[in-house]
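What follows is one structure encoded as C-alpha cells, with my remarks underneath.
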Amino acid sequence: MISTLLSRPGGPDDDRTPRLLFGADYNPEQWPREVWEEDVRLMREAGVNVVSVAIFSWARLQPGPDQWDFGWLDEVMDLLHANGVGVDLATATASPPPWLTTAHPEILPVTDRGETVWPGARQHWRPTSPVFREHALRLVRAMAERYAAHPALVAWHVSNELGCHNVYDYSDDAARAFRQWLRARYTTLDALNHAWGTAFWSQRYTDWEQILPPRLAGSHPNPTQQLDFKRFSSDALKDHLRAEREILREITPDVPVTTNFMVMGGTKGMDYADWAPEIDFVSNDHYVHPGPQDRDELSFSANLTSGIAGGRPWFLMEHSTSAVNWQPVNLAKRPGELARDALLHVAHGADAVCYFQWRQSAAGAEKYHSAMVPHAGADSDLFRSVAALGRTLESLAPVAGSEREAAEVGILFDWASWWASEQDSHPTSLLDYRQEALDWYSALLALGVRADVVTTRADLSRHKVLIAPVLHLVPAELAKDLTRFAERGGHLVTTYFSGIVDENDHVWLGGYPGALRDVLGIRVEEFGPLLDGDSVELDDGTAGGLWTDRITVTAEDTEVLARYRTGDHAGRPAVTRRPVAEGSAAYVSTRLGVTGLTALLPRLLSPAGVGSELPAALRGRVEVTVRSAPGARFLFLVNRTDDTVPVTGLSGELLTGTAGDDGHPVLGPREVAVLRQSV
Ligand code: GLA
Ligand code: GLA
C-alpha cells in the first residue's frame, strides 16, 4: 500500500514497482516563491519522492471566515507534481488561525486548574468543541473538494500529531462530552457509582450532571474517574480523527487516509492500538531523547509501531536529520547516525522515511530544529548525507512492501496498564511502565534475541515467550487469555505490580497478583517498594531496585529461580517459575534493570528453546530484524556500537552496506547492512 502510493491510478508516477518513499514535511509558505524552484531541484537531487504539505497552513488558506486562498497551494501542488514528488496532503486543521480564536475563544482548551490555554503556539483547540469541529470540518471539505482530482495527491494527513499539546482538556465542553461517554460506557449511574467506587469519600452521584472531569482537587482525585478520563480523552481525539476521515472518504474514496502517531518516549495519552483500525495505514513520528538507551528506545518505538500496524509496513512521517529544538540541550547527530536511525525504522517495517522538515526555518519556534536542507544550504555535510540516504533507500526498493517476520519472543505493551500503573496514591510514584518494558527489550538486544513489541489486541499465540512487564490492569478475560497461553505451551513472564486490578481499577482480592496468582503459583500479601537509590541483592548475583514482594509459593511445582539475599525478604523467593501444562509462568518481583535482566533472561528463554539467531560474535553488538516477502527474507543488521563489526556466519545478497575482502559485510561504526536471502 505505502510502497505503491506513488503509482495510484492517476497518481504521480506510472511506474508500479514498489519502492521506499523518502521526504519530509514541506512548508513552502515560509519562503518566497524563488526558493520553491530550488526546493524541487534539491528534492530531485536527494531522491525525495513524497512530502507532507499544508500541515500548519490554515491561517494562510482561510484568512477569514468566508475568505479562501488556495492559489499558492495550487501552485505548490503543480510544481511538486511536475517534479515527480507525491503529496501527503494535510487537512490543515492542526492549528486554528487567530481570527477563529478571536471570534470563538470558547474553542480554547482549559487546564485542570481552570486556566485557559491561549493561542500563540499551536494546537490550541478543545477536542470536544462543537464550534471547533464545525470550522475544522468545513476546511477539510474545502481541501478535499479542491484537491480531489489533483495528480500529486497520494494520501491524506489528518490534522497533525493529534493530542500533542491538547490531549487533556477540562473545559465545560469536555465535561459535557465526558458525561456522554460515561453514559455510553455504564448506561446507569449505579453502574458508574460501582465502577468508580464512589462509596469512598462520599462521592456518590445521583445525577449525571454532577459528574466532572478530574479538575484540580484538594487531594487525590478518584482513580477510576482519572482512568476513565484518560480513556475518554484518547477517544475524543479518535472521534475527531474519524470525523475528518468521514469527509475525506466521502469525497475521495480512493485516497488513503492516515494521521501521524507519536509512538516515542514522552507521549502517553493516545491509545494508538485502539486508533490504528481507523486509518488506512499507520504513520509515526519519532525523535531521539539522548541517553544511555536512546537507540534501543528508537528500536523499541519502531517495533511497537509495527505491532500497532499488525506487522504491515508503516510510514515514518517525521524524525530529525540532526538536532531538535525542544530538549534542554539539543545534540547534533554524529556521523552515521542520520542513516542508521532512518534505516532502523525501515528495519522495523517503515516503507517511508520522512523528516520534519524539508528546509530549516529562518524564523519561528523551530528555527534551530534540523531539516534536510540546513541553514548552511545544500553545500553541507548534512545535505550530502541526506542525498546519500536517498540513494540507499533506492537500493532497498526490493524491501518495500515486505512485512515483519514474527519473532519467538513478544513483549506485551498495553495502554490501560500504562495509564493505571502510573496513577497517584500507589505503593511508589517512581514506577515507569515504559522504562520497564524498554529494559526487557534492551536486555533482549544485548543477548541478540529478536523480539516483537505487541499490544493486547495482537494474536499472542504467535510467540513462544510472552513477556508482560508491569501488566497492572488485567480484566478477567485477559487473565484467561494469558493462562490459556501458558496452558497451550507458551512461556509467560510477568513482573511486580502485574495482575493487580481489573478494568475498573478495583483490586483483585485474596492476595496479589490476584488475576495471575493461580497460573503463577504464588501469593503476595504486602508490597515492598524500595526508596529511590535503595537496592537488594539476589542470590543469582543480580540486584533489584524500586520494588520487592514478600512472595509465598502456593503451588507444589513452583520453582524458585532466585531468592533475595539481602533486604526485608532475605531468603524468600524473588524470581519464580511454575510449569503449566506444556508451558510455564514466571514472575520477577523486583526491578532488575538491563544488566540483571540480561543475566536472568537465558534462564527464562531456555525452557522455550528460544535463543539468539545471530552468530555468537555478533550478539549484543548487532541488532537483527527480519522482514519477509514471498520468496525472500531481508535481514537488517544494525551496528549498535561505535566499533567496526565484521559479519560472518550469515549469508545473502548485500543490498546495502559495505562488503569486506571475503565478500561478507563489514559494519562500520553505526552502520547498517541489509542481506537478501532467497527462501
Ligand atoms: C487522614 C484522613 C483519613 C485517611 C488518612 C490516610 O488521616 O483522616 O481519612 O485519608 O489520612 O493516611
Ligand atoms: C512534531 C511536529 C512537527 C515538529 C516536530 C519537531 O513532531 O509534528 O511539526 O514540531 O515535532 O520535532
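By order of appearance in the C-alpha cells: chains A, B, ..., then residues from 1 within every chain, and ligands from 1 in the order shown.
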A:Pro223: which residues within 8 Å, counting only C-alpha atoms, same-chain residues fewer than 6 positions away excluded, as an mmCIF file with C-alpha atoms, in the first residue's frame?
```cif
data_model
loop_
_atom_site.group_PDB
_atom_site.id
_atom_site.type_symbol
_atom_site.label_atom_id
_atom_site.label_comp_id
_atom_site.auth_asym_id
_atom_site.auth_seq_id
_atom_site.Cartn_x
_atom_site.Cartn_y
_atom_site.Cartn_z
ATOM 1 C CA TRP A 196 -15.776 4.432 40.382
ATOM 2 C CA GLN A 423 -1.554 6.875 38.694
ATOM 3 C CA ASP A 424 -1.068 8.601 42.052
ATOM 4 C CA ASP A 505 -9.061 -0.249 38.753
#
```
Shell of 9 Å around ligand 2 (only C-alpha atoms and all ligand atoms), written as a ChimeraX atom specification: /A:25,55-56,160-161,164,260,262,285-287,317-320,323-326,355-357,365-366,369-370
Would you write out, as a tab-separated table, a table of all residues in chain A that have an atom no more than 12 Å from an atom of ligand 1, listing for each the closest atom pair and the distance in Å to one decimal, considering only C-alpha atoms and all ligand atoms and ordering rows by chain and rising residue number?
```
residue	atom	partner	partner_atom_place_in_ligand_line	distance
A:Phe200	CA	ligand 1	9 (O)	9.9
A:Trp201	CA	ligand 1	9 (O)	8.1
A:Ser202	CA	ligand 1	9 (O)	11.3
A:Gly218	CA	ligand 1	10 (O)	11.9
A:Ser219	CA	ligand 1	10 (O)	9.2
A:His220	CA	ligand 1	10 (O)	9.8
A:Ser425	CA	ligand 1	6 (C)	10.3
```
Restricting it to C-alpha atoms, dump the selection as an mmCIF file, in the first residue's frame.
```cif
data_model
loop_
_atom_site.group_PDB
_atom_site.id
_atom_site.type_symbol
_atom_site.label_atom_id
_atom_site.label_comp_id
_atom_site.auth_asym_id
_atom_site.auth_seq_id
_atom_site.Cartn_x
_atom_site.Cartn_y
_atom_site.Cartn_z
ATOM 1 C CA PHE A 200 -15.351 6.053 49.175
ATOM 2 C CA TRP A 201 -15.071 9.688 50.361
ATOM 3 C CA SER A 202 -18.750 10.451 49.875
ATOM 4 C CA GLY A 218 -7.813 19.164 47.292
ATOM 5 C CA SER A 219 -6.453 15.644 47.453
ATOM 6 C CA HIS A 220 -6.122 12.635 45.170
ATOM 7 C CA SER A 425 -1.596 7.126 45.530
#
```
Mind the document's chain letters and residue numbers, and return as a ChimeraX atom specification the residues of stretch 546-600 of chain A that DSSP labels strand (DSSP E). /A:549-553,559-563,573-580,583-588
Nearest to A:Arg550: which of A:Leu531, A:Ala616, A:Ile522, A:Val679 is it, counting only C-alpha atoms?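 Closest to A:Arg550 of all the choices is A:Ile522.
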